[in-house]
>>> print(open('target_28.cif').read())   # mmCIF, C-alpha atoms and all ligand atoms
data_final
loop_
_atom_site.group_PDB
_atom_site.id
_atom_site.type_symbol
_atom_site.label_atom_id
_atom_site.label_comp_id
_atom_site.auth_asym_id
_atom_site.auth_seq_id
_atom_site.Cartn_x
_atom_site.Cartn_y
_atom_site.Cartn_z
ATOM 1 C CA MET G 1 70.696 -146.885 100.445
ATOM 2 C CA THR G 2 72.265 -144.832 97.625
ATOM 3 C CA PRO G 3 71.137 -141.263 96.855
ATOM 4 C CA PHE G 4 69.715 -142.577 93.596
ATOM 5 C CA ASN G 5 67.348 -144.855 95.462
ATOM 6 C CA ILE G 6 66.208 -142.112 97.799
ATOM 7 C CA LYS G 7 65.406 -139.893 94.818
ATOM 8 C CA THR G 8 63.546 -142.699 93.127
ATOM 9 C CA ILE G 9 61.526 -143.330 96.271
ATOM 10 C CA ALA G 10 60.815 -139.598 96.647
ATOM 11 C CA ALA G 11 59.674 -139.475 93.011
ATOM 12 C CA MET G 12 57.461 -142.476 93.559
ATOM 13 C CA ILE G 13 55.867 -140.931 96.650
ATOM 14 C CA GLY G 14 55.265 -137.713 94.708
ATOM 15 C CA PHE G 15 53.721 -139.685 91.886
ATOM 16 C CA ALA G 16 51.465 -141.637 94.230
ATOM 17 C CA SER G 17 50.157 -138.535 96.007
ATOM 18 C CA GLY G 18 49.512 -137.010 92.586
ATOM 19 C CA ILE G 19 47.268 -139.970 91.801
ATOM 20 C CA VAL G 20 45.430 -139.518 95.091
ATOM 21 C CA LEU G 21 44.777 -135.858 94.182
ATOM 22 C CA ILE G 22 43.544 -136.794 90.714
ATOM 23 C CA ASP G 23 41.249 -139.446 92.257
ATOM 24 C CA ALA G 24 39.791 -136.931 94.719
ATOM 25 C CA ALA G 25 39.196 -134.373 91.955
ATOM 26 C CA GLN G 26 37.558 -137.056 89.794
ATOM 27 C CA ALA G 27 35.273 -138.130 92.663
ATOM 28 C CA ALA G 28 34.185 -134.511 93.231
ATOM 29 C CA ASP G 29 33.497 -134.111 89.474
ATOM 30 C CA ASP G 30 31.447 -137.317 89.390
ATOM 31 C CA ALA G 31 29.406 -136.287 92.447
ATOM 32 C CA ALA G 32 28.766 -132.827 90.951
ATOM 33 C CA LYS G 33 27.683 -134.359 87.629
ATOM 34 C CA ALA G 34 25.277 -136.733 89.416
ATOM 35 C CA ALA G 35 23.774 -133.814 91.369
ATOM 36 C CA THR G 36 23.286 -131.893 88.094
ATOM 37 C CA THR G 37 21.604 -134.881 86.417
ATOM 38 C CA ALA G 38 19.408 -135.399 89.481
ATOM 39 C CA THR G 39 18.250 -131.783 89.565
ATOM 40 C CA GLU G 40 17.921 -131.318 85.792
ATOM 41 C CA VAL G 41 16.656 -134.708 84.586
ATOM 42 C CA CYS G 42 15.171 -136.632 87.516
ATOM 43 C CA ALA G 43 13.791 -133.875 89.761
ATOM 44 C CA GLY G 44 10.625 -133.351 87.700
ATOM 45 C CA CYS G 45 9.338 -136.696 88.916
ATOM 46 C CA HIS G 46 11.442 -137.686 91.939
ATOM 47 C CA GLY G 47 11.915 -134.231 93.531
ATOM 48 C CA ALA G 48 15.272 -132.409 93.632
ATOM 49 C CA ASP G 49 16.272 -134.190 96.858
ATOM 50 C CA GLY G 50 14.584 -137.489 95.967
ATOM 51 C CA ASN G 51 11.463 -136.790 98.041
ATOM 52 C CA SER G 52 8.912 -136.973 95.246
ATOM 53 C CA ILE G 53 5.510 -135.374 95.707
ATOM 54 C CA ALA G 54 3.462 -137.310 93.128
ATOM 55 C CA PRO G 55 2.323 -140.624 94.645
ATOM 56 C CA ASN G 56 3.126 -142.734 91.562
ATOM 57 C CA PHE G 57 6.765 -141.656 91.499
ATOM 58 C CA PRO G 58 8.848 -143.434 94.135
ATOM 59 C CA LYS G 59 10.759 -141.548 96.793
ATOM 60 C CA LEU G 60 14.473 -142.169 96.362
ATOM 61 C CA ALA G 61 15.889 -140.109 99.256
ATOM 62 C CA GLY G 62 17.754 -142.274 101.756
ATOM 63 C CA GLN G 63 17.184 -145.399 99.657
ATOM 64 C CA GLN G 64 19.851 -148.118 99.956
ATOM 65 C CA LYS G 65 22.767 -147.455 97.588
ATOM 66 C CA VAL G 66 23.257 -151.113 96.607
ATOM 67 C CA TYR G 67 19.555 -151.479 95.820
ATOM 68 C CA LEU G 68 19.427 -148.214 93.822
ATOM 69 C CA LEU G 69 22.391 -149.177 91.678
ATOM 70 C CA ARG G 70 20.945 -152.554 90.807
ATOM 71 C CA GLU G 71 17.560 -151.070 89.848
ATOM 72 C CA LEU G 72 19.219 -148.390 87.683
ATOM 73 C CA LYS G 73 21.318 -151.019 85.881
ATOM 74 C CA ASP G 74 18.230 -153.188 85.398
ATOM 75 C CA TYR G 75 16.182 -150.311 83.919
ATOM 76 C CA LYS G 76 19.087 -149.579 81.579
ATOM 77 C CA SER G 77 19.410 -153.199 80.436
ATOM 78 C CA GLY G 78 15.626 -153.667 80.243
ATOM 79 C CA LYS G 79 15.579 -156.346 82.964
ATOM 80 C CA ARG G 80 13.244 -154.134 85.015
ATOM 81 C CA VAL G 81 10.634 -152.899 82.596
ATOM 82 C CA SER G 82 9.334 -149.318 82.764
ATOM 83 C CA GLU G 83 8.249 -147.291 79.755
ATOM 84 C CA ILE G 84 8.946 -144.150 81.748
ATOM 85 C CA MET G 85 12.399 -145.004 83.107
ATOM 86 C CA ALA G 86 13.846 -146.827 80.058
ATOM 87 C CA PRO G 87 14.216 -143.816 77.708
ATOM 88 C CA LEU G 88 15.746 -141.760 80.537
ATOM 89 C CA MET G 89 18.315 -144.438 81.328
ATOM 90 C CA ALA G 90 19.286 -144.628 77.647
ATOM 91 C CA THR G 91 20.634 -141.049 77.921
ATOM 92 C CA LEU G 92 23.026 -142.037 80.748
ATOM 93 C CA SER G 93 26.281 -144.009 80.667
ATOM 94 C CA ASP G 94 27.000 -147.019 82.890
ATOM 95 C CA ASP G 95 29.569 -144.888 84.727
ATOM 96 C CA ASP G 96 26.878 -142.353 85.722
ATOM 97 C CA LEU G 97 24.811 -144.927 87.611
ATOM 98 C CA PRO G 98 26.902 -145.502 90.780
ATOM 99 C CA HIS G 99 27.149 -141.730 91.303
ATOM 100 C CA LEU G 100 23.385 -141.263 90.952
ATOM 101 C CA ALA G 101 22.821 -144.137 93.405
ATOM 102 C CA ALA G 102 25.236 -142.497 95.864
ATOM 103 C CA TYR G 103 23.508 -139.106 95.431
ATOM 104 C CA TYR G 104 20.041 -140.393 96.360
ATOM 105 C CA ALA G 105 21.301 -142.662 99.148
ATOM 106 C CA LYS G 106 22.768 -139.540 100.800
ATOM 107 C CA GLN G 107 19.606 -137.391 100.622
ATOM 108 C CA LYS G 108 17.541 -136.971 103.775
ATOM 109 C CA PRO G 109 14.204 -138.791 103.555
ATOM 110 C CA ALA G 110 11.080 -136.764 104.366
ATOM 111 C CA PRO G 111 9.144 -138.155 107.355
ATOM 112 C CA GLY G 112 6.304 -140.622 106.738
ATOM 113 C CA VAL G 113 2.633 -139.658 106.631
ATOM 114 C CA ALA G 114 0.126 -141.245 109.019
ATOM 115 C CA GLY G 115 -2.931 -142.842 107.408
ATOM 116 C CA ASP G 116 -6.100 -144.588 108.568
ATOM 117 C CA ALA G 117 -5.565 -145.831 112.159
ATOM 118 C CA LYS G 118 -7.408 -149.134 111.721
ATOM 119 C CA LEU G 119 -5.468 -150.028 108.564
ATOM 120 C CA LEU G 120 -2.209 -149.079 110.279
ATOM 121 C CA THR G 121 -2.824 -151.632 113.041
ATOM 122 C CA VAL G 122 -3.495 -154.412 110.504
ATOM 123 C CA GLY G 123 -0.501 -153.304 108.417
ATOM 124 C CA LYS G 124 1.878 -153.129 111.361
ATOM 125 C CA ASN G 125 0.892 -156.610 112.483
ATOM 126 C CA LEU G 126 1.482 -158.038 109.024
ATOM 127 C CA TYR G 127 4.771 -156.171 108.613
ATOM 128 C CA LEU G 128 6.153 -157.511 111.893
ATOM 129 C CA LYS G 129 4.545 -160.968 111.995
ATOM 130 C CA GLY G 130 3.474 -161.946 108.471
ATOM 131 C CA ASN G 131 0.460 -164.224 108.061
ATOM 132 C CA SER G 132 1.143 -167.840 109.015
ATOM 133 C CA LYS G 133 -2.192 -169.037 107.566
ATOM 134 C CA THR G 134 -1.289 -167.917 104.052
ATOM 135 C CA ASP G 135 2.478 -168.318 104.413
ATOM 136 C CA VAL G 136 3.236 -164.607 104.078
ATOM 137 C CA PRO G 137 6.608 -163.937 105.745
ATOM 138 C CA SER G 138 7.131 -160.972 108.034
ATOM 139 C CA CYS G 139 8.572 -158.004 106.155
ATOM 140 C CA ASP G 140 10.956 -156.866 108.885
ATOM 141 C CA SER G 141 13.115 -159.955 108.376
ATOM 142 C CA CYS G 142 14.401 -158.367 105.155
ATOM 143 C CA HIS G 143 13.324 -154.711 105.218
ATOM 144 C CA GLU G 144 14.273 -154.251 108.916
ATOM 145 C CA GLU G 145 11.998 -153.288 111.780
ATOM 146 C CA ASP G 146 12.378 -149.573 111.044
ATOM 147 C CA GLY G 147 11.745 -150.086 107.312
ATOM 148 C CA ASN G 148 15.177 -148.788 106.395
ATOM 149 C CA GLY G 149 16.280 -151.960 104.584
ATOM 150 C CA SER G 150 19.953 -152.739 104.098
ATOM 151 C CA GLY G 151 22.131 -153.314 101.050
ATOM 152 C CA LYS G 152 20.050 -155.090 98.417
ATOM 153 C CA PHE G 153 16.924 -154.952 100.616
ATOM 154 C CA PRO G 154 15.231 -151.642 99.820
ATOM 155 C CA ARG G 155 14.114 -149.013 102.279
ATOM 156 C CA VAL G 156 10.298 -149.060 102.383
ATOM 157 C CA ALA G 157 9.746 -146.505 105.175
ATOM 158 C CA GLY G 158 7.878 -143.380 104.069
ATOM 159 C CA GLN G 159 7.250 -144.704 100.543
ATOM 160 C CA HIS G 160 4.086 -143.529 98.717
ATOM 161 C CA VAL G 161 1.102 -145.893 99.075
ATOM 162 C CA ASP G 162 0.238 -145.660 95.355
ATOM 163 C CA TYR G 163 3.758 -146.572 94.220
ATOM 164 C CA THR G 164 3.832 -149.562 96.609
ATOM 165 C CA LEU G 165 0.436 -150.775 95.362
ATOM 166 C CA ASP G 166 1.677 -150.466 91.754
ATOM 167 C CA GLN G 167 4.746 -152.578 92.583
ATOM 168 C CA PHE G 168 2.691 -155.250 94.366
ATOM 169 C CA ARG G 169 0.462 -155.479 91.277
ATOM 170 C CA LEU G 170 3.550 -155.863 89.062
ATOM 171 C CA TYR G 171 5.044 -158.524 91.357
ATOM 172 C CA ALA G 172 1.773 -160.474 91.670
ATOM 173 C CA THR G 173 1.235 -160.537 87.890
ATOM 174 C CA GLY G 174 4.858 -161.513 87.160
ATOM 175 C CA LYS G 175 5.733 -158.204 85.503
ATOM 176 C CA ARG G 176 8.515 -157.223 87.898
ATOM 177 C CA THR G 177 10.962 -160.103 87.802
ATOM 178 C CA ASN G 178 14.395 -158.488 87.931
ATOM 179 C CA GLY G 179 14.854 -159.226 91.633
ATOM 180 C CA ALA G 180 15.248 -162.333 93.696
ATOM 181 C CA ARG G 181 11.654 -163.535 93.033
ATOM 182 C CA VAL G 182 10.943 -163.370 96.766
ATOM 183 C CA MET G 183 8.530 -160.501 96.349
ATOM 184 C CA GLN G 184 6.476 -162.275 93.689
ATOM 185 C CA ALA G 185 5.665 -165.077 96.134
ATOM 186 C CA VAL G 186 4.951 -162.513 98.881
ATOM 187 C CA ALA G 187 2.651 -160.419 96.663
ATOM 188 C CA GLU G 188 0.758 -163.421 95.259
ATOM 189 C CA ARG G 189 -0.171 -164.617 98.728
ATOM 190 C CA MET G 190 -1.458 -161.303 100.058
ATOM 191 C CA SER G 191 -5.088 -160.166 99.942
ATOM 192 C CA GLU G 192 -5.983 -156.739 98.614
ATOM 193 C CA GLU G 193 -6.803 -155.556 102.128
ATOM 194 C CA GLU G 194 -3.473 -156.785 103.514
ATOM 195 C CA THR G 195 -1.563 -155.135 100.690
ATOM 196 C CA ARG G 196 -3.280 -151.789 101.211
ATOM 197 C CA ALA G 197 -2.824 -152.028 105.005
ATOM 198 C CA VAL G 198 0.899 -152.815 104.832
ATOM 199 C CA ALA G 199 1.401 -150.088 102.197
ATOM 200 C CA GLU G 200 -0.272 -147.563 104.532
ATOM 201 C CA PHE G 201 1.864 -148.760 107.435
ATOM 202 C CA MET G 202 5.127 -148.460 105.474
ATOM 203 C CA ALA G 203 4.136 -144.972 104.254
ATOM 204 C CA SER G 204 3.618 -143.950 107.882
ATOM 205 C CA MET G 205 7.066 -145.101 109.040
ATOM 206 C CA PRO G 206 9.384 -142.190 109.832
HETATM 207 C C1 LIG V 1 8.836 -138.776 83.922
HETATM 208 C C2 LIG V 1 9.003 -139.158 85.314
HETATM 209 C C3 LIG V 1 10.361 -139.737 85.748
HETATM 210 C C4 LIG V 1 11.623 -139.200 85.566
HETATM 211 C C5 LIG V 1 11.998 -137.905 84.841
HETATM 212 C C6 LIG V 1 12.542 -140.099 86.241
HETATM 213 N N1 LIG V 1 11.856 -141.126 86.817
HETATM 214 FE FE1 LIG V 1 12.663 -142.640 87.937
HETATM 215 N N2 LIG V 1 10.823 -143.489 88.109
HETATM 216 C C7 LIG V 1 9.654 -143.017 87.557
HETATM 217 C C8 LIG V 1 8.583 -144.010 87.737
HETATM 218 C C9 LIG V 1 7.153 -143.898 87.283
HETATM 219 C C10 LIG V 1 9.182 -145.103 88.418
HETATM 220 C C11 LIG V 1 8.520 -146.439 88.779
HETATM 221 C C12 LIG V 1 8.650 -147.329 87.553
HETATM 222 C C13 LIG V 1 8.354 -148.776 87.763
HETATM 223 O O1 LIG V 1 7.209 -149.113 88.078
HETATM 224 O O2 LIG V 1 9.292 -149.593 87.666
HETATM 225 C C14 LIG V 1 10.579 -144.734 88.651
HETATM 226 C C15 LIG V 1 11.484 -145.532 89.323
HETATM 227 C C16 LIG V 1 12.783 -145.180 89.617
HETATM 228 C C17 LIG V 1 13.685 -145.951 90.453
HETATM 229 C C18 LIG V 1 13.335 -147.220 91.210
HETATM 230 C C19 LIG V 1 12.947 -146.858 92.636
HETATM 231 C C20 LIG V 1 12.605 -148.008 93.498
HETATM 232 O O3 LIG V 1 12.261 -147.778 94.678
HETATM 233 O O4 LIG V 1 12.682 -149.166 93.053
HETATM 234 C C21 LIG V 1 14.882 -145.298 90.456
HETATM 235 C C22 LIG V 1 16.139 -145.711 91.189
HETATM 236 C C23 LIG V 1 14.738 -144.123 89.613
HETATM 237 N N3 LIG V 1 13.443 -144.079 89.130
HETATM 238 C C24 LIG V 1 15.754 -143.207 89.342
HETATM 239 C C25 LIG V 1 15.637 -142.146 88.447
HETATM 240 C C26 LIG V 1 16.741 -141.312 88.027
HETATM 241 C C27 LIG V 1 18.163 -141.449 88.523
HETATM 242 C C28 LIG V 1 16.233 -140.407 87.140
HETATM 243 C C29 LIG V 1 16.967 -139.345 86.380
HETATM 244 C C30 LIG V 1 18.048 -139.785 85.518
HETATM 245 C C31 LIG V 1 14.805 -140.673 87.028
HETATM 246 N N4 LIG V 1 14.484 -141.743 87.809
HETATM 247 C C32 LIG V 1 13.917 -139.930 86.262
HETATM 248 C C33 LIG V 1 9.498 -141.787 86.953
HETATM 249 C C34 LIG V 1 10.524 -140.949 86.531
HETATM 250 C C1 LIG V 2 13.238 -162.699 102.108
HETATM 251 C C2 LIG V 2 13.370 -161.262 102.027
HETATM 252 C C3 LIG V 2 12.131 -160.394 101.848
HETATM 253 C C4 LIG V 2 10.940 -160.453 102.543
HETATM 254 C C5 LIG V 2 10.536 -161.437 103.629
HETATM 255 C C6 LIG V 2 10.141 -159.344 102.044
HETATM 256 N N1 LIG V 2 10.828 -158.652 101.077
HETATM 257 FE FE1 LIG V 2 10.185 -157.028 100.062
HETATM 258 N N2 LIG V 2 11.864 -157.057 98.899
HETATM 259 C C7 LIG V 2 12.926 -157.918 99.068
HETATM 260 C C8 LIG V 2 13.933 -157.645 98.066
HETATM 261 C C9 LIG V 2 15.269 -158.363 97.890
HETATM 262 C C10 LIG V 2 13.443 -156.581 97.287
HETATM 263 C C11 LIG V 2 14.197 -155.918 96.147
HETATM 264 C C12 LIG V 2 13.570 -155.919 94.845
HETATM 265 C C13 LIG V 2 13.226 -157.209 94.207
HETATM 266 O O1 LIG V 2 13.791 -158.287 94.558
HETATM 267 O O2 LIG V 2 12.372 -157.144 93.306
HETATM 268 C C14 LIG V 2 12.127 -156.240 97.839
HETATM 269 C C15 LIG V 2 11.289 -155.243 97.352
HETATM 270 C C16 LIG V 2 10.145 -154.802 97.975
HETATM 271 C C17 LIG V 2 9.363 -153.658 97.556
HETATM 272 C C18 LIG V 2 9.659 -152.757 96.374
HETATM 273 C C19 LIG V 2 10.450 -151.556 96.858
HETATM 274 C C20 LIG V 2 10.649 -150.508 95.791
HETATM 275 O O3 LIG V 2 11.148 -149.433 96.151
HETATM 276 O O4 LIG V 2 10.290 -150.718 94.632
HETATM 277 C C21 LIG V 2 8.309 -153.539 98.440
HETATM 278 C C22 LIG V 2 7.229 -152.484 98.442
HETATM 279 C C23 LIG V 2 8.434 -154.615 99.404
HETATM 280 N N3 LIG V 2 9.557 -155.375 99.090
HETATM 281 C C24 LIG V 2 7.556 -154.836 100.449
HETATM 282 C C25 LIG V 2 7.575 -155.972 101.256
HETATM 283 C C26 LIG V 2 6.533 -156.308 102.211
HETATM 284 C C27 LIG V 2 5.332 -155.458 102.504
HETATM 285 C C28 LIG V 2 6.890 -157.497 102.778
HETATM 286 C C29 LIG V 2 6.149 -158.314 103.829
HETATM 287 C C30 LIG V 2 4.776 -158.679 103.545
HETATM 288 C C31 LIG V 2 8.167 -157.907 102.182
HETATM 289 N N4 LIG V 2 8.531 -156.957 101.270
HETATM 290 C C32 LIG V 2 8.854 -159.050 102.507
HETATM 291 C C33 LIG V 2 13.031 -158.892 100.031
HETATM 292 C C34 LIG V 2 12.044 -159.272 100.917
#
>>> encode(input="target_28.cif", output="structure tokens")
Amino acid sequence: MTPFNIKTIAAMIGFASGIVLIDAAQAADDAAKAATTATEVCAGCHGADGNSIAPNFPKLAGQQKVYLLRELKDYKSGKRVSEIMAPLMATLSDDDLPHLAAYYAKQKPAPGVAGDAKLLTVGKNLYLKGNSKTDVPSCDSCHEEDGNGSGKFPRVAGQHVDYTLDQFRLYATGKRTNGARVMQAVAERMSEEETRAVAEFMASMP
């Protein structure tokens, strides 16, 4: 190997590590920007750490990153319709969305809240076994036994009862259609009592 080649290689290595440093600095900037947006724009409704207090605003803390990103993109494009979320998404760029999804996925979810004991028993049974008479599948097959979800299957553990009931109403009436359509069939087949019971059970999950 000639000295020229060694120098070239050394220069290339230097160049490459420079890129790594720039990438790391960029990632830190993006994460900081997402945290600022979350605390300045989103916190009023979703809580600074994604553990919202108001029952109509979903908890985002510890939610699946893949799921969060898809929902954010769908609000932005109008595929998931929300009069509240749409104008907020219009103020953000497409590049902001993955960083916001990563921010909320990393936050620690607040523990669930126990509800009515009788409803919890009905809800737990439905969550783990479904209802074979009405063809309602068990929820744990997609949302996991602990309610944590995975990837595109959202975390449902600890979610507010009111928000869940709102979403079931939207699914059952064909107003939330951005997803895989699985939930529309699930929601249509469930009675009001079953829906309330499973919502209470999910809210109680740690
Ligand atoms: C004025 C209150 C308000 C503000 C501010 C707000 N949101 Fe929301 N957000 C809502 C409501 C209400 C919903 C449920 C809408 C629906 O039914 O689709 C929601 C839903 C969501 C969802 C879907 C959650 C799920 O489980 O499917 C995500 C993700 C989200 N918001 C992220 C954000 C981000 C990021 C910001 C800040 C840029 C933000 N929101 C600001 C009220 C708000
Ligand atoms: C075959 C897989 C599958 C099964 C079974 C299933 N879900 Fe889902 N669920 C999903 C997917 C995927 C989503 C993501 C959003 C979408 O597609 O609209 C979702 C979304 C949800 C949401 C909205 C979460 C949010 O933050 O907005 C709730 C609540 C929910 N499911 C509850 C249930 C309950 C309760 C059951 C059982 C009765 C159930 N799911 C069964 C796949 C499933």
>>> residues_near_ligand(input="target_28.cif", ligand="ligand LIG 1 (chain V)", cutoff="8 Å", atoms="all atoms listed in the file", output="VMD selection string")
chain G and resid 37 to 38 41 to 46 56 to 60 63 67 to 69 71 to 72 75 80 to 85 88 to 89 92 97 100 to 101 154 to 155 163 166 to 167 170 176
>>> resolve_selection(input="target_28.cif", expression="the PyMOL selection byres (((not hetatm)) within 6 of (chain V and resi 2))", output="list in words")
Tyr127, Pro137, Ser138, Cys139, Ser141, Cys142, Lys152, Phe153, Pro154, Thr164, Asn178, Gly179, Ala180, Arg181, Val182, Met183 and Val198 of chain G
>>> closest_residue(input="target_28.cif", among="G:Lys133, G:His160, G:Lys175, G:His143", to="Met190 (chain G)", atoms="all atoms listed in the file")
G:Lys133
>>> atom_distance(input="target_28.cif", atom1="CA of Lys73 (chain G)", atom2="CA of Asp96 (chain G)")
10.3 Å
>>> resolve_selection(input="target_28.cif", expression="the PyMOL selection byres (((chain G and resi 202) around 7) and not hetatm)", output="MDAnalysis selection string")
chainID G and resid 156:159 198:201 203:205
>>> atom_distance(input="target_28.cif", atom1="CA of Thr39 (chain G)", atom2="CA of Gln26 (chain G)")
20.0 Å
>>> closest_residue(input="target_28.cif", among="G:Gln107, G:Lys76, G:Leu119, G:Gly130", to="Asp94 (chain G)", atoms="all atoms listed in the file")
G:Lys76
>>> residues_near_point(input="target_28.cif", point="(15.3, -134.1, 104.6)", cutoff="12 Å", atoms="all atoms listed in the file", output="list in words")
Gly47, Ala48, Asp49, Gly50, Asn51, Ser52, Lys59, Leu60, Ala61, Gly62, Tyr104, Ala105, Lys106, Gln107, Lys108, Pro109, Ala110, Pro111, Gly112, Gly158 and Pro206 of chain G
>>> closest_residue(input="target_28.cif", among="G:Ala197, G:Val161, G:Ala187, G:Ala172", to="Ala54 (chain G)", atoms="all atoms listed in the file")
G:Val161
>>> atom_distance(input="target_28.cif", atom1="CA of Ala28 (chain G)", atom2="CA of Gly151 (chain G)")
23.7 Å
>>> axis_aligned_box(input="target_28.cif", around="region 97-102 of chain G", padding_each_side="5 Å", output="JSON")
{"center_x": 25.0, "center_y": -143.4, "center_z": 91.7, "size_x": 14.3, "size_y": 14.2, "size_z": 18.3}
>>> closest_residue(input="target_28.cif", among="G:Asp74, G:Asp95, G:Glu192, G:Asp135", to="Ala27 (chain G)", atoms="all atoms listed in the file")
G:Asp95
>>> decode(input="target_28.cif", residues="region 124-183 of chain G", atoms="C-alpha atoms", output="PDB file, in the first residue's frame")
ATOM      1  CA  LYS G 124     -61.587  -9.653  31.750  1.00  0.00           C
ATOM      2  CA  ASN G 125     -63.426 -12.703  30.460  1.00  0.00           C
ATOM      3  CA  LEU G 126     -64.255 -10.986  27.187  1.00  0.00           C
ATOM      4  CA  TYR G 127     -60.731  -9.605  26.806  1.00  0.00           C
ATOM      5  CA  LEU G 128     -59.144 -13.034  27.236  1.00  0.00           C
ATOM      6  CA  LYS G 129     -61.790 -15.262  25.629  1.00  0.00           C
ATOM      7  CA  GLY G 130     -63.974 -13.141  23.337  1.00  0.00           C
ATOM      8  CA  ASN G 131     -67.600 -14.166  22.834  1.00  0.00           C
ATOM      9  CA  SER G 132     -68.023 -17.238  20.637  1.00  0.00           C
ATOM     10  CA  LYS G 133     -71.814 -16.761  20.395  1.00  0.00           C
ATOM     11  CA  THR G 134     -71.475 -13.383  18.693  1.00  0.00           C
ATOM     12  CA  ASP G 135     -68.128 -14.066  17.016  1.00  0.00           C
ATOM     13  CA  VAL G 136     -66.218 -11.464  19.025  1.00  0.00           C
ATOM     14  CA  PRO G 137     -62.525 -12.447  19.020  1.00  0.00           C
ATOM     15  CA  SER G 138     -60.440 -12.327  22.172  1.00  0.00           C
ATOM     16  CA  CYS G 139     -58.558  -9.042  22.468  1.00  0.00           C
ATOM     17  CA  ASP G 140     -55.329 -10.503  23.836  1.00  0.00           C
ATOM     18  CA  SER G 141     -54.597 -12.175  20.499  1.00  0.00           C
ATOM     19  CA  CYS G 142     -53.676  -8.738  19.126  1.00  0.00           C
ATOM     20  CA  HIS G 143     -53.341  -6.403  22.121  1.00  0.00           C
ATOM     21  CA  GLU G 144     -51.406  -8.984  24.215  1.00  0.00           C
ATOM     22  CA  GLU G 145     -52.408 -10.476  27.543  1.00  0.00           C
ATOM     23  CA  ASP G 146     -50.936  -7.549  29.479  1.00  0.00           C
ATOM     24  CA  GLY G 147     -52.613  -4.988  27.194  1.00  0.00           C
ATOM     25  CA  ASN G 148     -49.287  -3.589  26.064  1.00  0.00           C
ATOM     26  CA  GLY G 149     -49.860  -4.273  22.354  1.00  0.00           C
ATOM     27  CA  SER G 150     -46.941  -4.545  19.958  1.00  0.00           C
ATOM     28  CA  GLY G 151     -45.935  -2.659  16.827  1.00  0.00           C
ATOM     29  CA  LYS G 152     -49.092  -1.693  14.952  1.00  0.00           C
ATOM     30  CA  PHE G 153     -51.319  -3.169  17.689  1.00  0.00           C
ATOM     31  CA  PRO G 154     -51.875  -0.373  20.205  1.00  0.00           C
ATOM     32  CA  ARG G 155     -51.345  -0.533  23.933  1.00  0.00           C
ATOM     33  CA  VAL G 156     -54.779  -0.493  25.601  1.00  0.00           C
ATOM     34  CA  ALA G 157     -53.684  -0.978  29.234  1.00  0.00           C
ATOM     35  CA  GLY G 158     -54.540   1.945  31.514  1.00  0.00           C
ATOM     36  CA  GLN G 159     -56.447   3.828  28.795  1.00  0.00           C
ATOM     37  CA  HIS G 160     -59.340   6.107  29.877  1.00  0.00           C
ATOM     38  CA  VAL G 161     -62.778   4.437  29.756  1.00  0.00           C
ATOM     39  CA  ASP G 162     -64.397   7.475  28.086  1.00  0.00           C
ATOM     40  CA  TYR G 163     -61.825   7.623  25.281  1.00  0.00           C
ATOM     41  CA  THR G 164     -62.221   3.873  24.620  1.00  0.00           C
ATOM     42  CA  LEU G 165     -66.022   4.188  24.514  1.00  0.00           C
ATOM     43  CA  ASP G 166     -65.688   7.105  22.058  1.00  0.00           C
ATOM     44  CA  GLN G 167     -63.459   4.996  19.789  1.00  0.00           C
ATOM     45  CA  PHE G 168     -65.814   1.999  19.903  1.00  0.00           C
ATOM     46  CA  ARG G 169     -68.672   4.311  18.877  1.00  0.00           C
ATOM     47  CA  LEU G 170     -66.571   5.643  15.979  1.00  0.00           C
ATOM     48  CA  TYR G 171     -65.593   2.119  14.878  1.00  0.00           C
ATOM     49  CA  ALA G 172     -69.155   0.761  15.137  1.00  0.00           C
ATOM     50  CA  THR G 173     -70.599   3.642  13.090  1.00  0.00           C
ATOM     51  CA  GLY G 174     -67.856   3.434  10.436  1.00  0.00           C
ATOM     52  CA  LYS G 175     -66.310   6.789  11.339  1.00  0.00           C
ATOM     53  CA  ARG G 176     -62.859   5.470  12.230  1.00  0.00           C
ATOM     54  CA  THR G 177     -61.692   3.603   9.157  1.00  0.00           C
ATOM     55  CA  ASN G 178     -57.992   4.402   8.860  1.00  0.00           C
ATOM     56  CA  GLY G 179     -56.921   1.071  10.348  1.00  0.00           C
ATOM     57  CA  ALA G 180     -57.151  -2.517   9.279  1.00  0.00           C
ATOM     58  CA  ARG G 181     -60.982  -2.635   9.610  1.00  0.00           C
ATOM     59  CA  VAL G 182     -60.641  -5.366  12.235  1.00  0.00           C
ATOM     60  CA  MET G 183     -61.908  -3.114  14.983  1.00  0.00           C
TER      61      MET G 183
END
